[in-house]
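Enquirer: Dropping the structure in here first, questions after.
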Amino acid sequence: MNTRTQLSRLGLFDAKVPRYTSYPTAPHFGAAVTGGDFASWIRGLPENGTISLYLHVPFCRKLCWFCACRTQGTATMSPVAAYVETLKAELDMLATHLPAGTRLSRLHWGGGTPTLLTPELMQGLIDKVRQVAPFAEGAEFSVEIDPNEIDEARLDVLAGGGMNRASIGVQDFDEQIQEAIGRPQGFEITRRAVEMIRARGVASLNADILYGLPHQTRARITETVQKLLSFAPDRVALYGYAHVPWMAKRQQLIPSDALPTPPERLELFETARRLFAWDGYAEIGIDHFAAPDDGLAIARKTGRLRRNFQGYTDDGAEVLIGLGASSISRFPQGYAQNAPATSAYTAAIREGSFATTRGHAFAGDDLLRARMIEMLMCDFRIHSDELVADYGADPSELAALYARTNARFEGLLEVTGEGLYIPASARPLTRMIAREFDAYDMSKARHSSAV
Ligand SMILES: C[S@@+](CC[C@H](N)C(=O)[O-])C[C@H]1O[C@@H](n2cnc3c(N)ncnc32)[C@H](O)[C@@H]1O
Ligand code: SF4
């Protein structure tokens, strides 16, 4: 069993490491990938295949101070309506390149706040998506829902359009914390949103909560988790609050002297983690929890858990296409990212060109390293057999890499003939361990606290 002193000596409380929702991570993308590559990668997909589709809506009625997402505040609907028209135009462009018979295994609307759309705008977008690619059997349609920004009419359209996974933003139920993070959201508002979602038979309810918030204590996070458990969510994301005021300027409004220290963050995470585990939730990777019959829990058990830009998934599709400003797509050939600024994105699409401005074409040992990091983030284990069979890895080089990594972490890991394993006691170090397999220059990484 390791101690806090050992975790501290290993650098856990000082390290800033990527979250590894891709490898290489987005700061390593460059201008070499263009809209032409994006188009040809789409055309190169097999006929009758399945893809995952992500639509980004970078608007919110009011910006929460804590939020580090790419979004902008708007008091009126006209920029949102114009943006939806642009998204529909981008979907039409996608349709001209997609091979025949392509279907969707996943459709995800994220943001920002996609539920800011009026029912009419939502319906128009759903119809356009269906026209471009129908749902495959068993497909999932998930939407990020801000409980402050939802009503019966909008839920009717979403549920009628096939939404079967609703993801609500909770963050924390404590009023003092909500005030400090600029996100007022009374418990009743959240409870009412959950009730409306359930009443429409939406199969799965997900919720996001945060640890590491100003004024958060073990007692407060316990209360938040208990209140959340009263909704019996199918999945919970327990994200560490990323305080990056130099990037997300609105975070300058957050009282930094009220933030917990890194060791306190670890305690907050552990407190919440234990509560979910006691309640029968399966632990999914580094920061998710799922009811035992949820797809993520089953994927974790059967070794099919994957990691992508939306976090953890049981989606088997190799291709994720992200549309909208700043969205990232992943193909077997590499990553392509749209222009982050809504204005630049809109200008490109209106001119009839894809809005790709950056990306990364896989080269060298990228795919091997990407898989090793994904295995660690999903299964806390690297299986050498798969790497040798699928990526032509050299077993002796792998063994040397594992031994070096284990030495760096003072023997806390398990190295066997089958591979490398992170036992439960060393799991707070997972992202730092994953970083050992990252060959890119860390000074370029977009950092967030290791704990
Ligand atoms: C893109 S937001 C969309 C959620 C939706 N607009 C809402 O407010 O409910 C998705 C999630 O990102 C997480 N998030 C945003 N800013 C964060 C930060 N600074 N650190 C960690 N997680 C953050 C929050 O948990 C949030 O629910
Ligand atoms: S948390 Fe949601 S509502 Fe708040 S600013 Fe971020 S995306 Fe917008």
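So you can find residues: chains in the structure tokens are A, B, ... in the order shown, residues in each start at 1, and ligands are numbered from 1 in order.
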Tell me, as a short mmCIF file (atom, residue, chain, number, x, y, z; two decimals) with N, CA and C atoms, in the first residue's frame, which residues lie within 10 Å of Ala15 in chain A, counting only C-alpha atoms; anything in the same chain fewer than 4 positions away does not count.

Expert:
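Writing the result to part_26.cif gives the following:
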```
data_model
loop_
_atom_site.label_atom_id
_atom_site.label_comp_id
_atom_site.auth_asym_id
_atom_site.auth_seq_id
_atom_site.Cartn_x
_atom_site.Cartn_y
_atom_site.Cartn_z
N SER A 8 3.60 11.70 -3.10
CA SER A 8 4.16 13.03 -3.18
C SER A 8 5.59 12.98 -3.74
N LEU A 10 6.78 10.82 -5.67
CA LEU A 10 6.72 10.48 -7.09
C LEU A 10 6.20 11.64 -7.94
N GLY A 11 5.82 12.72 -7.28
CA GLY A 11 5.47 13.93 -8.02
C GLY A 11 3.99 14.11 -8.30
N PRO A 262 -3.65 19.91 -3.69
CA PRO A 262 -3.62 18.61 -4.39
C PRO A 262 -3.88 17.40 -3.47
N LEU A 429 -1.80 7.46 -9.93
CA LEU A 429 -0.67 7.84 -10.79
C LEU A 429 -0.92 7.54 -12.26
N ARG A 431 -2.34 8.72 -15.01
CA ARG A 431 -2.00 9.63 -16.12
C ARG A 431 -0.50 9.89 -16.18
N MET A 432 0.15 9.89 -15.01
CA MET A 432 1.61 10.07 -15.01
C MET A 432 2.30 8.84 -15.61
N HIS A 447 -1.64 21.31 -20.00
CA HIS A 447 -1.57 20.62 -18.71
C HIS A 447 -2.83 20.73 -17.88
N SER A 448 -3.11 19.65 -17.14
CA SER A 448 -4.03 19.81 -16.01
C SER A 448 -3.47 18.96 -14.87
N SER A 449 -3.88 19.31 -13.67
CA SER A 449 -3.33 18.69 -12.47
C SER A 449 -3.42 17.16 -12.56
N ALA A 450 -2.35 16.46 -12.11
CA ALA A 450 -2.32 14.99 -12.22
C ALA A 450 -3.34 14.34 -11.30
N VAL A 451 -3.81 15.10 -10.30
CA VAL A 451 -4.79 14.50 -9.37
C VAL A 451 -6.08 15.30 -9.41
#
```

Enquirer: Excluding range 390-407 of chain A and any residue of its chain fewer than 3 positions from it, enumerate the residues within 9 Å of it, using only C-alpha atoms, and give them as a list in words.

Expert: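 Near range 390-407 of chain A, the qualifying residues are Asp365, Leu367, Leu368, Ser384, Asp385, Glu386, Leu387, Glu410, Gly411, Leu412, Leu413, Glu414, Val415, Thr416, Gly417, Gly419, Leu420, Ile433, Glu436 and Phe437 of chain A.
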
Enquirer: Compare A:Gln185, A:Ser52, A:Thr115, A:Thr224 by their minimum atom-to-atom distance to Ala139 in chain A, counting only C-alpha atoms, and give me the closest one.

Expert: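 Looking at the shortest contact to Ala139 in chain A, the residue is A:Ser52.
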
Enquirer: Given a cut-off of 7 Å, what residues near ligand 1 show up using only C-alpha atoms and all ligand atoms, put as a ChimeraX atom specification?

Expert: /A:60,66-69,110-113,144-147,168-171,208-210,239-243

Enquirer: With N, CA, C and O atoms retained, export the selected residues as a tab-separated table (two decimals), in the first residue's frame.

Expert:
```tsv
chain	number	residue	atom	x	y	z
A	60	CYS	N	-23.88	29.26	-24.90
A	60	CYS	CA	-24.58	29.10	-23.62
A	60	CYS	C	-25.32	30.40	-23.35
A	60	CYS	O	-24.88	31.47	-23.77
A	66	PHE	N	-16.52	28.50	-13.85
A	66	PHE	CA	-15.56	27.38	-13.74
A	66	PHE	C	-15.25	26.74	-15.09
A	66	PHE	O	-14.28	26.01	-15.23
A	67	CYS	N	-16.09	27.02	-16.10
A	67	CYS	CA	-16.09	26.19	-17.30
A	67	CYS	C	-14.90	26.44	-18.21
A	67	CYS	O	-14.59	27.59	-18.54
A	68	ALA	N	-14.25	25.36	-18.63
A	68	ALA	CA	-13.09	25.47	-19.51
A	68	ALA	C	-13.43	25.00	-20.92
A	68	ALA	O	-12.53	24.81	-21.75
A	69	CYS	N	-14.73	24.80	-21.19
A	69	CYS	CA	-15.12	24.30	-22.51
A	69	CYS	C	-15.11	25.42	-23.55
A	69	CYS	O	-15.20	26.59	-23.20
A	110	GLY	N	-22.83	17.92	-28.10
A	110	GLY	CA	-22.15	18.47	-26.93
A	110	GLY	C	-21.89	19.95	-27.09
A	110	GLY	O	-22.24	20.57	-28.09
A	111	GLY	N	-21.27	20.51	-26.07
A	111	GLY	CA	-21.06	21.96	-26.16
A	111	GLY	C	-20.06	22.46	-25.15
A	111	GLY	O	-19.18	21.72	-24.73
A	112	GLY	N	-20.34	23.67	-24.74
A	112	GLY	CA	-21.54	24.47	-24.85
A	112	GLY	C	-22.81	23.75	-24.37
A	112	GLY	O	-22.77	22.76	-23.68
A	113	THR	N	-23.89	24.34	-24.79
A	113	THR	CA	-25.20	23.86	-24.36
A	113	THR	C	-26.10	23.58	-25.56
A	113	THR	O	-26.81	24.48	-26.04
A	144	GLU	N	-25.85	16.47	-24.21
A	144	GLU	CA	-25.46	17.16	-22.97
A	144	GLU	C	-26.56	18.16	-22.62
A	144	GLU	O	-26.88	19.04	-23.42
A	145	ILE	N	-27.12	17.98	-21.45
A	145	ILE	CA	-28.27	18.79	-21.04
A	145	ILE	C	-27.92	19.63	-19.82
A	145	ILE	O	-27.52	19.09	-18.79
A	146	ASP	N	-28.07	20.95	-19.96
A	146	ASP	CA	-27.92	21.82	-18.80
A	146	ASP	C	-29.30	21.91	-18.14
A	146	ASP	O	-30.24	22.42	-18.76
A	147	PRO	N	-29.44	21.41	-16.90
A	147	PRO	CA	-30.76	21.43	-16.27
A	147	PRO	C	-31.37	22.82	-16.18
A	147	PRO	O	-32.60	22.96	-16.11
A	168	ILE	N	-26.56	15.07	-17.88
A	168	ILE	CA	-26.82	16.36	-17.22
A	168	ILE	C	-25.59	16.87	-16.48
A	168	ILE	O	-24.82	16.10	-15.90
A	169	GLY	N	-25.43	18.19	-16.50
A	169	GLY	CA	-24.34	18.82	-15.77
A	169	GLY	C	-24.82	19.16	-14.36
A	169	GLY	O	-25.79	19.90	-14.20
A	170	VAL	N	-24.15	18.61	-13.36
A	170	VAL	CA	-24.52	18.89	-11.97
A	170	VAL	C	-23.40	19.71	-11.29
A	170	VAL	O	-23.66	20.72	-10.66
A	171	GLN	N	-22.19	19.26	-11.39
A	171	GLN	CA	-20.98	19.88	-10.80
A	171	GLN	C	-20.97	19.69	-9.28
A	171	GLN	O	-20.20	18.91	-8.77
A	208	ASP	N	-22.56	14.67	-14.71
A	208	ASP	CA	-21.18	15.13	-14.47
A	208	ASP	C	-21.12	15.80	-13.11
A	208	ASP	O	-21.92	16.70	-12.83
A	209	ILE	N	-20.17	15.40	-12.27
A	209	ILE	CA	-19.89	16.17	-11.06
A	209	ILE	C	-18.38	16.42	-11.02
A	209	ILE	O	-17.61	15.77	-11.74
A	210	LEU	N	-17.99	17.38	-10.20
A	210	LEU	CA	-16.58	17.78	-10.14
A	210	LEU	C	-16.03	17.63	-8.73
A	210	LEU	O	-16.75	17.88	-7.76
A	239	TYR	N	-15.17	14.41	-12.71
A	239	TYR	CA	-13.99	15.06	-13.25
A	239	TYR	C	-13.27	15.89	-12.19
A	239	TYR	O	-13.92	16.49	-11.33
A	240	GLY	N	-11.96	15.94	-12.29
A	240	GLY	CA	-11.20	16.86	-11.45
A	240	GLY	C	-11.34	18.26	-12.03
A	240	GLY	O	-11.14	18.45	-13.24
A	241	TYR	N	-11.72	19.22	-11.19
A	241	TYR	CA	-11.86	20.59	-11.68
A	241	TYR	C	-10.49	21.08	-12.19
A	241	TYR	O	-9.51	21.09	-11.44
A	242	ALA	N	-10.43	21.46	-13.46
A	242	ALA	CA	-9.18	21.98	-14.04
A	242	ALA	C	-9.19	23.49	-13.89
A	242	ALA	O	-10.00	24.17	-14.53
A	243	HIS	N	-8.31	24.00	-13.04
A	243	HIS	CA	-8.25	25.45	-12.81
A	243	HIS	C	-7.13	26.01	-13.69
A	243	HIS	O	-5.96	25.87	-13.37
```

Enquirer: If I take CA of Tyr281 in chain A and CA of Gly303 in chain A, how far is one from the other in Å, to one decimal?

Expert: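 Computed distance, CA of Tyr281 in chain A to CA of Gly303 in chain A, equals 17.3 Å.
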
Enquirer: From a backbone DSSP assignment, name each residue in range 47-271 of chain A labelled helix (DSSP H, G or I), as an MDAnalysis selection string.

Expert: chainID A and resid 78:97 114:116 119:132 147:149 152:160 175:180 187:199 218:229 249:253 256:258 262:271

Enquirer: Could you write those residues out with C-alpha atoms, as a compact mmCIF listing (two decimals), in the first residue's frame?

Expert:
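Output (result_32.txt):
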```txt
# COMPACT_ATOMS: atom_id res chain seq x y z
CA SER A 78 -30.00 34.68 -33.87
CA PRO A 79 -26.33 33.60 -33.68
CA VAL A 80 -27.47 30.14 -32.58
CA ALA A 81 -29.92 29.84 -35.49
CA ALA A 82 -27.21 30.98 -37.93
CA TYR A 83 -24.80 28.44 -36.44
CA VAL A 84 -27.30 25.60 -36.82
CA GLU A 85 -27.68 26.54 -40.51
CA THR A 86 -23.89 26.27 -40.85
CA LEU A 87 -23.87 22.88 -39.12
CA LYS A 88 -26.55 21.68 -41.53
CA ALA A 89 -24.46 22.93 -44.47
CA GLU A 90 -21.45 21.03 -43.06
CA LEU A 91 -23.63 17.91 -42.75
CA ASP A 92 -24.61 18.32 -46.43
CA MET A 93 -20.92 18.54 -47.35
CA LEU A 94 -20.24 15.42 -45.30
CA ALA A 95 -23.03 13.62 -47.19
CA THR A 96 -21.39 14.26 -50.56
CA HIS A 97 -18.24 12.39 -49.40
CA PRO A 114 -26.95 22.03 -27.20
CA THR A 115 -30.24 22.32 -25.28
CA LEU A 116 -30.11 26.06 -25.90
CA PRO A 119 -37.43 22.85 -30.49
CA GLU A 120 -37.61 23.90 -34.18
CA LEU A 121 -33.83 24.19 -34.51
CA MET A 122 -33.39 20.83 -32.77
CA GLN A 123 -35.90 19.14 -35.07
CA GLY A 124 -34.23 20.62 -38.17
CA LEU A 125 -30.84 19.32 -37.04
CA ILE A 126 -32.17 15.85 -36.21
CA ASP A 127 -33.86 15.63 -39.63
CA LYS A 128 -30.67 16.70 -41.39
CA VAL A 129 -28.54 14.15 -39.52
CA ARG A 130 -30.98 11.37 -40.39
CA GLN A 131 -30.95 12.41 -44.03
CA VAL A 132 -27.13 12.18 -44.08
CA PRO A 147 -30.76 21.43 -16.27
CA ASN A 148 -31.05 25.25 -16.22
CA GLU A 149 -31.72 25.22 -19.94
CA GLU A 152 -40.80 19.76 -21.83
CA ALA A 153 -40.99 20.93 -25.46
CA ARG A 154 -37.28 20.53 -26.12
CA LEU A 155 -37.17 17.14 -24.40
CA ASP A 156 -40.15 16.02 -26.50
CA VAL A 157 -38.21 16.76 -29.67
CA LEU A 158 -35.02 15.09 -28.43
CA ALA A 159 -36.77 11.96 -27.15
CA GLY A 160 -38.93 11.82 -30.30
CA GLU A 175 -25.01 26.44 -2.75
CA GLN A 176 -21.83 28.11 -1.51
CA ILE A 177 -19.79 26.14 -4.05
CA GLN A 178 -22.27 26.95 -6.82
CA GLU A 179 -21.95 30.62 -5.97
CA ALA A 180 -18.15 30.44 -5.97
CA PHE A 187 -31.54 21.02 -6.39
CA GLU A 188 -35.17 21.28 -7.51
CA ILE A 189 -34.09 22.38 -11.00
CA THR A 190 -31.93 19.30 -11.39
CA ARG A 191 -34.56 17.03 -9.86
CA ARG A 192 -37.18 18.38 -12.25
CA ALA A 193 -34.90 17.88 -15.27
CA VAL A 194 -34.29 14.26 -14.22
CA GLU A 195 -38.03 13.70 -13.79
CA MET A 196 -38.79 15.10 -17.26
CA ILE A 197 -36.04 12.96 -18.83
CA ARG A 198 -37.22 9.77 -17.09
CA ALA A 199 -40.87 10.49 -17.95
CA ARG A 218 -15.38 15.72 2.24
CA ALA A 219 -18.71 16.35 3.95
CA ARG A 220 -19.93 18.46 1.04
CA ILE A 221 -18.89 16.06 -1.69
CA THR A 222 -20.48 13.24 0.33
CA GLU A 223 -23.75 15.14 0.35
CA THR A 224 -23.54 15.86 -3.37
CA VAL A 225 -22.85 12.21 -4.20
CA GLN A 226 -25.72 11.06 -1.96
CA LYS A 227 -28.13 13.50 -3.60
CA LEU A 228 -26.97 12.37 -7.02
CA LEU A 229 -27.37 8.71 -6.07
CA LYS A 249 -10.19 33.77 -18.43
CA ARG A 250 -13.59 33.55 -16.70
CA GLN A 251 -11.96 31.31 -14.08
CA GLN A 252 -10.21 34.43 -12.76
CA LEU A 253 -13.50 35.07 -10.95
CA SER A 256 -8.14 30.55 -5.83
CA ASP A 257 -7.48 30.71 -2.07
CA ALA A 258 -10.64 28.62 -1.53
CA PRO A 262 -3.62 18.61 -4.39
CA PRO A 263 -3.61 16.15 -1.42
CA GLU A 264 -7.10 17.42 -0.49
CA ARG A 265 -8.21 16.89 -4.11
CA LEU A 266 -7.08 13.27 -3.86
CA GLU A 267 -9.10 12.87 -0.64
CA LEU A 268 -12.19 14.39 -2.27
CA PHE A 269 -11.87 12.04 -5.22
CA GLU A 270 -11.35 9.04 -2.94
CA THR A 271 -14.37 10.00 -0.80
```

Enquirer: CA of Lys301 in chain A and CA of Phe380 in chain A, how far apart in Å?

Expert: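 A separation of 12.6 Å between them.
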
Enquirer: Please indicate the distance in Å from CA of Thr50 in chain A to CA of Ser105 in chain A, rounded to one decimal place.

Expert: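 Between these atoms lies a distance of 5.8 Å.
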
Enquirer: Compare A:Met375, A:Ala370, A:Ala203, A:Leu12 by their minimum atom-to-atom distance to Asp293 in chain A, counting only C-alpha atoms, and give me the closest one.

Expert: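 Residue with the minimum atom-to-atom distance to Asp293 in chain A: A:Ala203.
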
Enquirer: Give me the residues within 12 Å of Thr357 in chain A as a PyMOL selection string, counting only C-alpha atoms and dropping any in the same chain fewer than 2 places off.

Expert: chain A and resi 29-38+325-329+335-341+344-345+348+353-355+359-360

Enquirer: Can you pull out every residue within 6 Å of Arg235 in chain A, counting only C-alpha atoms, but drop anything in the same chain fewer than 4 positions away, and send it as a list of chain:residue names?

Expert: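 Residues meeting the cut-off are A:Asn206, A:Phe289, A:Ala290.
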
Enquirer: For a quick check of understanding, using only C-alpha atoms and all ligand atoms, which of A:Arg61, A:Arg371, A:Arg273, A:His108 has the smallest distance to ligand 2?

Expert: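 Looking only at the distances to ligand 2, the closest residue turns out to be A:Arg61.
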